[in-house]
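Below is target_11.pdb, which holds PDB, C-alpha atoms, pLDDT in the B column.
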ATOM      1  CA  MET A   1     144.378 109.335 118.034  1.00 82.00           C
ATOM      2  CA  SER A   2     147.592 107.342 118.191  1.00 84.00           C
ATOM      3  CA  GLU A   3     150.892 108.609 116.851  1.00 86.00           C
ATOM      4  CA  ILE A   4     154.302 107.011 116.314  1.00 86.00           C
ATOM      5  CA  ARG A   5     157.369 109.229 116.374  1.00 86.00           C
ATOM      6  CA  ALA A   6     160.413 107.907 114.569  1.00 85.00           C
ATOM      7  CA  ASN A   7     163.045 109.134 112.129  1.00 81.00           C
ATOM      8  CA  THR A   8     162.990 105.987 110.047  1.00 82.00           C
ATOM      9  CA  VAL A   9     160.434 103.283 109.440  1.00 83.00           C
ATOM     10  CA  SER A  10     161.569 100.099 107.741  1.00 82.00           C
ATOM     11  CA  ASP A  11     160.706  96.421 107.527  1.00 83.00           C
ATOM     12  CA  ALA A  12     161.504  94.190 110.490  1.00 86.00           C
ATOM     13  CA  ALA A  13     164.909  93.315 109.041  1.00 87.00           C
ATOM     14  CA  GLY A  14     165.748  97.018 108.743  1.00 85.00           C
ATOM     15  CA  THR A  15     166.819  96.642 105.144  1.00 83.00           C
ATOM     16  CA  GLY A  16     163.678  97.336 103.140  1.00 77.00           C
ATOM     17  CA  PRO A  17     160.448  99.313 103.073  1.00 76.00           C
ATOM     18  CA  ALA A  18     157.638  98.606 105.500  1.00 82.00           C
ATOM     19  CA  THR A  19     154.368  97.320 104.098  1.00 82.00           C
ATOM     20  CA  LEU A  20     151.457  99.677 104.678  1.00 84.00           C
ATOM     21  CA  THR A  21     147.943  98.304 104.986  1.00 83.00           C
ATOM     22  CA  LYS A  22     145.534  99.511 102.256  1.00 85.00           C
ATOM     23  CA  GLN A  23     147.728 102.512 101.448  1.00 85.00           C
ATOM     24  CA  SER A  24     150.827 103.216  99.428  1.00 88.00           C
ATOM     25  CA  ALA A  25     153.442 105.923  99.888  1.00 89.00           C
ATOM     26  CA  ALA A  26     154.873 107.726  96.899  1.00 92.00           C
ATOM     27  CA  LYS A  27     158.293 106.269  96.057  1.00 92.00           C
ATOM     28  CA  ALA A  28     159.662 109.347  94.313  1.00 94.00           C
ATOM     29  CA  TRP A  29     158.778 112.881  93.315  1.00 94.00           C
ATOM     30  CA  ALA A  30     160.510 115.897  91.803  1.00 94.00           C
ATOM     31  CA  HIS A  31     160.028 119.549  91.015  1.00 94.00           C
ATOM     32  CA  VAL A  32     162.242 120.674  88.141  1.00 94.00           C
ATOM     33  CA  GLU A  33     162.775 124.128  86.664  1.00 95.00           C
ATOM     34  CA  MET A  34     163.733 124.307  82.996  1.00 95.00           C
ATOM     35  CA  SER A  35     163.287 128.052  82.571  1.00 94.00           C
ATOM     36  CA  PRO A  36     164.924 130.487  83.004  1.00 93.00           C
ATOM     37  CA  GLY A  37     167.670 128.072  84.025  1.00 92.00           C
ATOM     38  CA  SER A  38     167.589 124.292  84.349  1.00 95.00           C
ATOM     39  CA  GLN A  39     167.858 122.678  87.771  1.00 95.00           C
ATOM     40  CA  SER A  40     166.034 120.328  90.070  1.00 94.00           C
ATOM     41  CA  ARG A  41     164.405 122.360  92.824  1.00 93.00           C
ATOM     42  CA  ALA A  42     163.261 119.560  95.133  1.00 93.00           C
ATOM     43  CA  THR A  43     163.346 115.798  94.898  1.00 93.00           C
ATOM     44  CA  PHE A  44     162.650 112.604  96.780  1.00 93.00           C
ATOM     45  CA  ASN A  45     164.474 109.409  95.740  1.00 94.00           C
ATOM     46  CA  LEU A  46     165.628 111.084  92.518  1.00 95.00           C
ATOM     47  CA  SER A  47     169.023 112.573  91.741  1.00 95.00           C
ATOM     48  CA  SER A  48     171.516 113.228  88.932  1.00 96.00           C
ATOM     49  CA  PHE A  49     169.341 115.788  87.151  1.00 96.00           C
ATOM     50  CA  ASN A  50     170.241 115.881  83.434  1.00 97.00           C
ATOM     51  CA  ASP A  51     169.074 118.621  81.070  1.00 97.00           C
ATOM     52  CA  SER A  52     168.918 116.501  77.924  1.00 97.00           C
ATOM     53  CA  GLY A  53     167.773 119.277  75.611  1.00 97.00           C
ATOM     54  CA  THR A  54     165.107 121.903  75.145  1.00 97.00           C
ATOM     55  CA  GLY A  55     161.975 120.848  76.978  1.00 96.00           C
ATOM     56  CA  GLN A  56     163.360 117.545  78.202  1.00 97.00           C
ATOM     57  CA  PHE A  57     165.259 116.195  81.146  1.00 97.00           C
ATOM     58  CA  ASP A  58     165.835 113.020  83.100  1.00 98.00           C
ATOM     59  CA  LEU A  59     166.533 111.974  86.665  1.00 97.00           C
ATOM     60  CA  SER A  60     167.929 108.789  88.198  1.00 98.00           C
ATOM     61  CA  PHE A  61     166.406 106.871  91.083  1.00 97.00           C
ATOM     62  CA  ILE A  62     168.503 106.743  94.235  1.00 95.00           C
ATOM     63  CA  SER A  63     166.685 103.515  95.214  1.00 92.00           C
ATOM     64  CA  ALA A  64     165.622 101.670  92.083  1.00 95.00           C
ATOM     65  CA  MET A  65     162.113 100.532  91.276  1.00 96.00           C
ATOM     66  CA  SER A  66     161.383  96.794  91.045  1.00 95.00           C
ATOM     67  CA  ASP A  67     160.249  97.020  87.410  1.00 97.00           C
ATOM     68  CA  GLN A  68     159.134  99.570  84.811  1.00 97.00           C
ATOM     69  CA  TYR A  69     155.431  99.016  85.474  1.00 97.00           C
ATOM     70  CA  TYR A  70     154.982 101.714  88.152  1.00 97.00           C
ATOM     71  CA  SER A  71     152.586 104.664  87.986  1.00 96.00           C
ATOM     72  CA  MET A  72     153.931 108.115  87.085  1.00 95.00           C
ATOM     73  CA  GLN A  73     152.088 111.417  86.706  1.00 94.00           C
ATOM     74  CA  LEU A  74     153.662 114.536  85.201  1.00 92.00           C
ATOM     75  CA  GLY A  75     152.648 118.148  85.529  1.00 89.00           C
ATOM     76  CA  SER A  76     153.774 121.476  84.119  1.00 90.00           C
ATOM     77  CA  ASN A  77     152.750 125.106  83.847  1.00 88.00           C
ATOM     78  CA  GLY A  78     152.056 127.057  80.682  1.00 76.00           C
ATOM     79  CA  GLY A  79     148.570 125.772  79.854  1.00 75.00           C
ATOM     80  CA  ALA A  80     149.249 125.013  76.177  1.00 79.00           C
ATOM     81  CA  PHE A  81     151.745 122.254  76.738  1.00 85.00           C
ATOM     82  CA  ILE A  82     151.613 118.503  76.919  1.00 86.00           C
ATOM     83  CA  GLU A  83     153.791 116.427  79.195  1.00 90.00           C
ATOM     84  CA  ASN A  84     155.201 113.200  77.790  1.00 90.00           C
ATOM     85  CA  ILE A  85     157.018 110.345  79.469  1.00 93.00           C
ATOM     86  CA  SER A  86     160.300 109.982  77.599  1.00 94.00           C
ATOM     87  CA  ILE A  87     162.091 107.513  79.915  1.00 96.00           C
ATOM     88  CA  MET A  88     160.504 105.035  82.300  1.00 97.00           C
ATOM     89  CA  ASN A  89     162.650 102.206  83.627  1.00 98.00           C
ATOM     90  CA  THR A  90     163.831 100.862  86.965  1.00 98.00           C
ATOM     91  CA  THR A  91     166.706 103.338  87.283  1.00 98.00           C
ATOM     92  CA  LYS A  92     165.672 106.466  85.409  1.00 98.00           C
ATOM     93  CA  VAL A  93     162.710 108.669  84.475  1.00 97.00           C
ATOM     94  CA  GLY A  94     162.508 111.305  81.789  1.00 96.00           C
ATOM     95  CA  MET A  95     159.990 113.980  80.893  1.00 95.00           C
ATOM     96  CA  GLN A  96     159.292 116.128  77.844  1.00 94.00           C
ATOM     97  CA  ALA A  97     157.094 119.208  77.576  1.00 93.00           C
ATOM     98  CA  TYR A  98     155.934 120.410  74.175  1.00 91.00           C
ATOM     99  CA  ASN A  99     153.411 122.752  72.682  1.00 90.00           C
ATOM    100  CA  TYR A 100     150.370 120.652  71.855  1.00 84.00           C
ATOM    101  CA  SER A 101     149.562 122.473  68.615  1.00 85.00           C
ATOM    102  CA  SER A 102     153.054 122.999  67.183  1.00 90.00           C
ATOM    103  CA  GLY A 103     154.779 119.993  68.727  1.00 89.00           C
ATOM    104  CA  VAL A 104     157.766 122.164  69.663  1.00 94.00           C
ATOM    105  CA  LEU A 105     159.663 121.085  72.759  1.00 95.00           C
ATOM    106  CA  THR A 106     159.730 123.967  75.231  1.00 95.00           C
ATOM    107  CA  ASP A 107     161.526 124.726  78.490  1.00 96.00           C
ATOM    108  CA  LEU A 108     158.932 125.462  81.201  1.00 94.00           C
ATOM    109  CA  GLY A 109     159.333 126.966  84.653  1.00 93.00           C
ATOM    110  CA  ILE A 110     157.503 124.189  86.489  1.00 92.00           C
ATOM    111  CA  ASN A 111     157.789 120.470  85.804  1.00 93.00           C
ATOM    112  CA  THR A 112     156.593 117.947  88.375  1.00 92.00           C
ATOM    113  CA  ILE A 113     156.778 114.189  88.690  1.00 94.00           C
ATOM    114  CA  ILE A 114     155.179 111.815  91.206  1.00 94.00           C
ATOM    115  CA  ILE A 115     155.711 108.075  91.224  1.00 96.00           C
ATOM    116  CA  HIS A 116     153.888 105.215  92.960  1.00 96.00           C
ATOM    117  CA  GLY A 117     154.944 101.593  92.734  1.00 95.00           C
ATOM    118  CA  ASP A 118     157.295  99.052  94.303  1.00 92.00           C
ATOM    119  CA  LEU A 119     160.954  99.543  95.084  1.00 90.00           C
ATOM    120  CA  ALA A 120     163.446  96.839  94.185  1.00 90.00           C
TER     121      ALA A 120
ATOM    122  CA  MET B   1     155.411  89.389 110.576  1.00 76.00           C
ATOM    123  CA  SER B   2     155.189  92.308 113.008  1.00 79.00           C
ATOM    124  CA  THR B   3     152.547  95.027 112.726  1.00 80.00           C
ATOM    125  CA  ILE B   4     152.405  98.523 114.187  1.00 81.00           C
ATOM    126  CA  ARG B   5     149.012 100.201 114.342  1.00 81.00           C
ATOM    127  CA  ALA B   6     148.870 103.994 114.420  1.00 79.00           C
ATOM    128  CA  ASP B   7     146.924 106.889 112.906  1.00 76.00           C
ATOM    129  CA  ASN B   8     149.896 109.225 112.441  1.00 77.00           C
ATOM    130  CA  VAL B   9     153.645 109.034 112.026  1.00 78.00           C
ATOM    131  CA  ALA B  10     155.852 111.981 113.061  1.00 78.00           C
ATOM    132  CA  PRO B  11     159.575 112.792 113.396  1.00 77.00           C
ATOM    133  CA  SER B  12     161.104 111.511 116.615  1.00 81.00           C
ATOM    134  CA  ALA B  13     161.697 115.058 117.906  1.00 82.00           C
ATOM    135  CA  GLY B  14     158.069 115.960 117.218  1.00 76.00           C
ATOM    136  CA  GLY B  15     156.877 118.250 114.463  1.00 73.00           C
ATOM    137  CA  THR B  16     154.591 117.789 111.502  1.00 73.00           C
ATOM    138  CA  SER B  17     152.945 114.398 111.505  1.00 69.00           C
ATOM    139  CA  THR B  18     151.784 112.525 108.452  1.00 70.00           C
ATOM    140  CA  GLY B  19     148.235 111.297 108.565  1.00 67.00           C
ATOM    141  CA  LEU B  20     148.401 107.717 107.413  1.00 67.00           C
ATOM    142  CA  LEU B  21     144.720 107.744 106.642  1.00 66.00           C
ATOM    143  CA  GLU B  22     144.689 110.762 104.311  1.00 67.00           C
ATOM    144  CA  GLY B  23     148.193 111.395 103.049  1.00 75.00           C
ATOM    145  CA  LEU B  24     149.011 108.146 101.301  1.00 88.00           C
ATOM    146  CA  ALA B  25     147.775 106.838  97.985  1.00 94.00           C
ATOM    147  CA  LYS B  26     144.992 104.261  98.312  1.00 94.00           C
ATOM    148  CA  ALA B  27     145.373 102.986  94.759  1.00 96.00           C
ATOM    149  CA  TRP B  28     147.640 103.271  91.732  1.00 97.00           C
ATOM    150  CA  LEU B  29     148.091 101.529  88.408  1.00 97.00           C
ATOM    151  CA  GLN B  30     149.807 101.371  85.079  1.00 97.00           C
ATOM    152  CA  TYR B  31     147.322 100.313  82.352  1.00 97.00           C
ATOM    153  CA  LEU B  32     148.275  99.836  78.711  1.00 97.00           C
ATOM    154  CA  GLN B  33     144.945  99.904  76.894  1.00 97.00           C
ATOM    155  CA  SER B  34     146.346  99.108  73.455  1.00 95.00           C
ATOM    156  CA  THR B  35     147.123  95.544  74.648  1.00 96.00           C
ATOM    157  CA  PRO B  36     145.051  95.749  77.017  1.00 97.00           C
ATOM    158  CA  VAL B  37     146.946  94.865  80.182  1.00 97.00           C
ATOM    159  CA  VAL B  38     147.276  96.096  83.742  1.00 98.00           C
ATOM    160  CA  SER B  39     151.065  96.162  84.014  1.00 97.00           C
ATOM    161  CA  ASP B  40     151.026  96.708  87.780  1.00 97.00           C
ATOM    162  CA  SER B  41     148.603  98.044  90.349  1.00 97.00           C
ATOM    163  CA  PHE B  42     147.697  98.558  93.999  1.00 96.00           C
ATOM    164  CA  ASN B  43     144.093  98.210  95.254  1.00 96.00           C
ATOM    165  CA  VAL B  44     142.816  97.654  91.716  1.00 98.00           C
ATOM    166  CA  SER B  45     140.795  94.477  91.182  1.00 98.00           C
ATOM    167  CA  SER B  46     140.326  94.888  87.441  1.00 98.00           C
ATOM    168  CA  VAL B  47     140.151  97.346  84.561  1.00 98.00           C
ATOM    169  CA  SER B  48     137.262  97.166  82.101  1.00 98.00           C
ATOM    170  CA  ASP B  49     138.178  97.990  78.500  1.00 98.00           C
ATOM    171  CA  ASN B  50     134.901  99.677  77.447  1.00 98.00           C
ATOM    172  CA  SER B  51     135.860 101.010  74.022  1.00 97.00           C
ATOM    173  CA  ALA B  52     138.697 102.888  72.319  1.00 97.00           C
ATOM    174  CA  GLY B  53     140.266 105.177  74.918  1.00 97.00           C
ATOM    175  CA  ASN B  54     137.476 104.447  77.417  1.00 97.00           C
ATOM    176  CA  PHE B  55     138.117 102.249  80.428  1.00 98.00           C
ATOM    177  CA  THR B  56     136.955 101.735  84.013  1.00 98.00           C
ATOM    178  CA  VAL B  57     139.285 101.212  86.977  1.00 98.00           C
ATOM    179  CA  ASN B  58     137.615  98.956  89.581  1.00 98.00           C
ATOM    180  CA  TYR B  59     138.958  99.128  93.139  1.00 98.00           C
ATOM    181  CA  SER B  60     139.517  96.110  95.406  1.00 97.00           C
ATOM    182  CA  SER B  61     138.714  98.190  98.524  1.00 95.00           C
ATOM    183  CA  ALA B  62     136.143 100.917  98.007  1.00 96.00           C
ATOM    184  CA  PHE B  63     136.537 104.583  98.910  1.00 95.00           C
ATOM    185  CA  SER B  64     134.211 106.191 101.453  1.00 93.00           C
ATOM    186  CA  SER B  65     133.218 108.893  98.965  1.00 93.00           C
ATOM    187  CA  SER B  66     132.890 109.103  95.187  1.00 93.00           C
ATOM    188  CA  GLU B  67     134.624 112.456  95.421  1.00 91.00           C
ATOM    189  CA  HIS B  68     138.109 111.151  96.150  1.00 91.00           C
ATOM    190  CA  SER B  69     141.128 112.474  94.234  1.00 91.00           C
ATOM    191  CA  ARG B  70     142.138 110.938  90.915  1.00 92.00           C
ATOM    192  CA  SER B  71     145.338 111.791  89.033  1.00 92.00           C
ATOM    193  CA  LEU B  72     145.691 110.164  85.647  1.00 92.00           C
ATOM    194  CA  MET B  73     148.393 110.628  83.048  1.00 92.00           C
ATOM    195  CA  ALA B  74     147.908 109.535  79.453  1.00 93.00           C
ATOM    196  CA  ASN B  75     151.007 108.943  77.365  1.00 88.00           C
ATOM    197  CA  ALA B  76     151.810 109.929  73.767  1.00 81.00           C
ATOM    198  CA  GLY B  77     150.489 113.459  74.109  1.00 81.00           C
ATOM    199  CA  LEU B  78     146.878 112.470  74.731  1.00 89.00           C
ATOM    200  CA  PHE B  79     144.461 114.055  77.166  1.00 88.00           C
ATOM    201  CA  CYS B  80     142.592 112.163  79.863  1.00 90.00           C
ATOM    202  CA  GLY B  81     139.396 112.979  81.726  1.00 91.00           C
ATOM    203  CA  VAL B  82     136.975 111.424  84.210  1.00 93.00           C
ATOM    204  CA  VAL B  83     133.753 110.177  82.573  1.00 93.00           C
ATOM    205  CA  ALA B  84     132.006 108.718  85.622  1.00 94.00           C
ATOM    206  CA  ARG B  85     132.896 108.137  89.250  1.00 94.00           C
ATOM    207  CA  SER B  86     131.748 106.176  92.248  1.00 96.00           C
ATOM    208  CA  THR B  87     133.153 104.799  95.493  1.00 97.00           C
ATOM    209  CA  THR B  88     134.039 101.521  93.776  1.00 98.00           C
ATOM    210  CA  ASN B  89     135.381 102.614  90.393  1.00 97.00           C
ATOM    211  CA  THR B  90     136.252 105.475  88.043  1.00 96.00           C
ATOM    212  CA  GLN B  91     135.660 105.610  84.299  1.00 96.00           C
ATOM    213  CA  PHE B  92     138.207 107.495  82.190  1.00 96.00           C
ATOM    214  CA  GLU B  93     138.567 108.426  78.534  1.00 96.00           C
ATOM    215  CA  THR B  94     141.742 109.441  76.720  1.00 95.00           C
ATOM    216  CA  GLN B  95     141.466 111.585  73.609  1.00 93.00           C
ATOM    217  CA  SER B  96     143.663 113.308  71.070  1.00 89.00           C
ATOM    218  CA  ASP B  97     143.587 117.083  70.707  1.00 84.00           C
ATOM    219  CA  THR B  98     140.954 116.594  67.996  1.00 87.00           C
ATOM    220  CA  GLY B  99     138.665 114.738  70.390  1.00 89.00           C
ATOM    221  CA  THR B 100     139.276 111.237  69.030  1.00 94.00           C
ATOM    222  CA  ALA B 101     139.149 108.589  71.753  1.00 96.00           C
ATOM    223  CA  THR B 102     142.400 106.642  71.547  1.00 95.00           C
ATOM    224  CA  ASP B 103     144.049 103.709  73.326  1.00 96.00           C
ATOM    225  CA  THR B 104     147.332 104.566  75.033  1.00 95.00           C
ATOM    226  CA  GLY B 105     149.362 103.975  78.200  1.00 95.00           C
ATOM    227  CA  ASN B 106     147.741 105.319  81.371  1.00 96.00           C
ATOM    228  CA  TYR B 107     149.282 105.929  84.795  1.00 96.00           C
ATOM    229  CA  GLY B 108     146.998 106.716  87.744  1.00 96.00           C
ATOM    230  CA  SER B 109     147.150 107.413  91.465  1.00 96.00           C
ATOM    231  CA  PHE B 110     144.169 107.820  93.782  1.00 95.00           C
ATOM    232  CA  HIS B 111     143.994 109.571  97.169  1.00 93.00           C
ATOM    233  CA  GLY B 112     141.202 109.825  99.722  1.00 90.00           C
ATOM    234  CA  ASP B 113     139.640 107.806 102.516  1.00 89.00           C
ATOM    235  CA  LEU B 114     138.716 104.150 102.167  1.00 91.00           C
ATOM    236  CA  ALA B 115     135.317 102.977 103.312  1.00 92.00           C
TER     237      ALA B 115
END

Translate this file's structure into structure tokens.
Amino acid sequence: MSEIRANTVSDAAGTGPATLTKQSAAKAWAHVEMSPGSQSRATFNLSSFNDSGTGQFDLSFISAMSDQYYSMQLGSNGGAFIENISIMNTTKVGMQAYNYSSGVLTDLGINTIIIHGDLA
Amino acid sequence: MSTIRADNVAPSAGGTSTGLLEGLAKAWLQYLQSTPVVSDSFNVSSVSDNSAGNFTVNYSSAFSSSEHSRSLMANAGLFCGVVARSTTNTQFETQSDTGTATDTGNYGSFHGDLA
């Protein structure tokens, strides 16, 4: 089995992402804690965590996406909550978590985001 | 265009390598069924709009197994589940909490081995 060891892989010009054949790397992900306190625990290509209110937050891309038509999946703990995409553009993403029966926005301990698509 | 062929990529000092075959998404899409339109995608040849909330994602390059990983997010507080699966496509349905199949925005990523 062949292996390449490098710290950085880029396109031939060294200024953009490399193209992978028949596979696509995630362009961003985040693990955010909204309870008991609010903070981003771990991120990739996302920064400037903003607690925008109970059960909702947003993050900004470090490297922007090419358009707003990327794929984003959200996850949370709690079992009785629904995750909703509140912001989805080339520079920012936002998530809400609310109780599916009452509709009440709720701070949860685990909130996760993963994004696939094309960088600008 | 230059091409490097390898099975794994690892840090230059050694350490944990990333399997290029298994660790990377083999497909993803954003599908707005209310239009319907595939806003953007990777390794998706088409999406069949079967009925309200029910659609089939057809891959350009097939997976080696029907049991690959599918992660789908439905917007607007709806739930999404897998209806049928194969190596060449996956059928999904999005429903409200009352079980009503409903068109909405859908965001999916797929992991596994290609055929």

Listing only residues of chain B within 9 Å of chain A, what is the closest atom pair and its distance in Å (to one decimal) for each, using only C-alpha atoms, sorted by chain and residue number ascending, as CSV?
residue,atom,partner,partner_atom,distance
B:Met1,CA,A:Ala12,CA,7.8
B:Ser2,CA,A:Ala12,CA,7.1
B:Ile4,CA,A:Ile4,CA,9.0
B:Arg5,CA,A:Ser2,CA,8.2
B:Ala6,CA,A:Ser2,CA,5.2
B:Asp7,CA,A:Ser2,CA,5.3
B:Asn8,CA,A:Glu3,CA,4.6
B:Val9,CA,A:Ile4,CA,4.8
B:Ala10,CA,A:Arg5,CA,4.6
B:Pro11,CA,A:Ala6,CA,5.1
B:Ser12,CA,A:Ala6,CA,4.2
B:Ala13,CA,A:Arg5,CA,7.4
B:Gly14,CA,A:Arg5,CA,6.8
B:Ser17,CA,A:Glu3,CA,8.1
B:Leu20,CA,A:Gln23,CA,7.9
B:Leu21,CA,A:Gln23,CA,8.0
B:Gly23,CA,A:Ala25,CA,8.2
B:Leu24,CA,A:Ala25,CA,5.2
B:Ala25,CA,A:Ser24,CA,5.0
B:Lys26,CA,A:Gln23,CA,4.5
B:Ala27,CA,A:Gln23,CA,7.1
B:Trp28,CA,A:Ser71,CA,6.4
B:Leu29,CA,A:Ser71,CA,5.5
B:Gln30,CA,A:Ser71,CA,5.2
B:Tyr31,CA,A:Tyr69,CA,8.8
B:Val38,CA,A:Tyr69,CA,8.8
B:Ser39,CA,A:Tyr69,CA,5.4
B:Asp40,CA,A:Tyr69,CA,5.5
B:Ser41,CA,A:Gly117,CA,7.6
B:Phe42,CA,A:Ser24,CA,7.8
B:Asn43,CA,A:Lys22,CA,7.3
B:Ser61,CA,A:Lys22,CA,7.9
B:Ser71,CA,A:Gln73,CA,7.1
B:Leu72,CA,A:Gln73,CA,6.6
B:Met73,CA,A:Gln73,CA,5.3
B:Ala74,CA,A:Asn84,CA,8.3
B:Asn75,CA,A:Asn84,CA,6.0
B:Ala76,CA,A:Asn84,CA,6.2
B:Gly77,CA,A:Ile82,CA,5.9
B:Leu78,CA,A:Ile82,CA,8.0
B:Phe79,CA,A:Ile82,CA,8.4
B:Asp97,CA,A:Tyr100,CA,7.8
B:Asn106,CA,A:Ser71,CA,8.2
B:Tyr107,CA,A:Ser71,CA,4.8
B:Gly108,CA,A:Ser71,CA,6.0
B:Ser109,CA,A:Ser71,CA,7.0
B:Leu114,CA,A:Lys22,CA,8.2

task: Please evaluate the PyMOL selection byres ((chain A and resi 46-57) around 6) against the structure above and give the resulting residues as a list in words.
output: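 When the PyMOL selection byres ((chain A and resi 46-57) around 6) is applied, the selected residues are Thr43, Phe44, Asn45, Asp58, Leu59, Ser60, Phe61, Ile62, Gly94, Met95, Gln96, Ala97, Leu105, Thr106 and Asp107 of chain A.
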
Can you tell me, as a short mmCIF file (atom, residue, chain, number, x, y, z; two decimals) with C-alpha atoms, in the coordinates of the input, which residues sit within 6 Å of (158.5, 124.1, 84.6) in the file's frame, using only C-alpha atoms?
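The resulting file, part-v8.cif, is reproduced below:
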data_model
loop_
_atom_site.label_atom_id
_atom_site.label_comp_id
_atom_site.auth_asym_id
_atom_site.auth_seq_id
_atom_site.Cartn_x
_atom_site.Cartn_y
_atom_site.Cartn_z
CA GLU A 33 162.78 124.13 86.66
CA MET A 34 163.73 124.31 83.00
CA SER A 76 153.77 121.48 84.12
CA ASN A 77 152.75 125.11 83.85
CA LEU A 108 158.93 125.46 81.20
CA GLY A 109 159.33 126.97 84.65
CA ILE A 110 157.50 124.19 86.49
CA ASN A 111 157.79 120.47 85.80
#

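Using only C-alpha atoms for every distance, the candidate list A:Ile87, A:Val93, A:Ala120, A:Ile113 yields A:Ile113 as the residue closest to A:His31.
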
**Prompt:** Quick one: which residues end up in the PyMOL selection byres ((chain A and resi 91) around 7) for this structure, as a list in words?
**Reply:**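 Evaluating the PyMOL selection byres ((chain A and resi 91) around 7) on these coordinates yields Ser60, Phe61, Ala64, Met65, Asn89, Thr90 and Lys92 of chain A.
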
Residue IDs satisfying the PyMOL selection byres ((chain B and resi 86) around 10), as a ChimeraX atom specification = /B:58,62-68,84-85,87-91

Separation of atom CA of A:Ser38 and atom CA of A:Ala80, in Å?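 Atom CA of A:Ala80 lies at a distance of 20.1 Å from atom CA of A:Ser38.
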
### Query
Hey, can you check how far atom CA of B:Ser51 sits from atom CA of B:Thr98?
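Interatomic distance here is 17.5 Å.
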
I'd like to know which of A:Thr112, A:Ser40, A:Ser63, A:Ser102 is closest to A:Pro17, using all atoms listed in the file.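 Closest to A:Pro17, using all atoms listed in the file: A:Ser63.
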
Figure out the distance between atom CA of B:Arg70 and atom CA of B:Val47, please, to one decimal in Å.
->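 Separation between atom CA of B:Val47 and atom CA of B:Arg70: 15.1 Å.
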
field: Pick from A:Ser66, A:Ser10, A:Arg41, A:Val104 nearest to B:Thr3, counting all atoms listed in the file
entry: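 Checking each candidate against B:Thr3, we get A:Ser10 as the closest.
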
Looking at B:Val37, B:Thr16, B:Thr102, B:Phe92, which one is nearest to B:Val57, with distances taken over all atoms listed in the file?
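The answer is B:Phe92, which sits nearest to B:Val57.
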
Regenerate stretch 28-39 of chain A at the level of N, CA and C atoms and dump it as a PDB file, in the frame of the given file.
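selection10.pdb written:
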ATOM      1  N   ALA A  28     158.782 108.301  94.815  1.00 94.00           N
ATOM      2  CA  ALA A  28     159.662 109.347  94.313  1.00 94.00           C
ATOM      3  C   ALA A  28     158.822 110.522  93.845  1.00 94.00           C
ATOM      4  N   TRP A  29     159.414 111.704  93.906  1.00 94.00           N
ATOM      5  CA  TRP A  29     158.778 112.881  93.315  1.00 94.00           C
ATOM      6  C   TRP A  29     159.862 113.904  93.015  1.00 94.00           C
ATOM      7  N   ALA A  30     159.540 114.864  92.161  1.00 94.00           N
ATOM      8  CA  ALA A  30     160.510 115.897  91.803  1.00 94.00           C
ATOM      9  C   ALA A  30     159.813 117.147  91.306  1.00 94.00           C
ATOM     10  N   HIS A  31     160.449 118.259  91.554  1.00 94.00           N
ATOM     11  CA  HIS A  31     160.028 119.549  91.015  1.00 94.00           C
ATOM     12  C   HIS A  31     161.242 120.110  90.292  1.00 94.00           C
ATOM     13  N   VAL A  32     161.116 120.257  88.984  1.00 94.00           N
ATOM     14  CA  VAL A  32     162.242 120.674  88.141  1.00 94.00           C
ATOM     15  C   VAL A  32     161.921 121.985  87.449  1.00 94.00           C
ATOM     16  N   GLU A  33     162.906 122.845  87.366  1.00 95.00           N
ATOM     17  CA  GLU A  33     162.775 124.128  86.664  1.00 95.00           C
ATOM     18  C   GLU A  33     163.616 124.064  85.401  1.00 95.00           C
ATOM     19  N   MET A  34     162.993 124.301  84.252  1.00 95.00           N
ATOM     20  CA  MET A  34     163.733 124.307  82.996  1.00 95.00           C
ATOM     21  C   MET A  34     163.871 125.709  82.410  1.00 95.00           C
ATOM     22  N   SER A  35     163.210 126.669  83.021  1.00 94.00           N
ATOM     23  CA  SER A  35     163.287 128.052  82.571  1.00 94.00           C
ATOM     24  C   SER A  35     163.108 128.953  83.767  1.00 94.00           C
ATOM     25  N   PRO A  36     163.919 129.985  83.929  1.00 93.00           N
ATOM     26  CA  PRO A  36     164.924 130.487  83.004  1.00 93.00           C
ATOM     27  C   PRO A  36     166.211 129.669  82.967  1.00 93.00           C
ATOM     28  N   GLY A  37     166.509 128.963  84.016  1.00 92.00           N
ATOM     29  CA  GLY A  37     167.670 128.072  84.025  1.00 92.00           C
ATOM     30  C   GLY A  37     167.182 126.660  84.237  1.00 92.00           C
ATOM     31  N   SER A  38     168.033 125.672  84.142  1.00 95.00           N
ATOM     32  CA  SER A  38     167.589 124.292  84.349  1.00 95.00           C
ATOM     33  C   SER A  38     168.231 123.750  85.616  1.00 95.00           C
ATOM     34  N   GLN A  39     167.379 123.263  86.528  1.00 95.00           N
ATOM     35  CA  GLN A  39     167.858 122.678  87.771  1.00 95.00           C
ATOM     36  C   GLN A  39     166.716 121.938  88.439  1.00 95.00           C
TER      37      GLN A  39
END
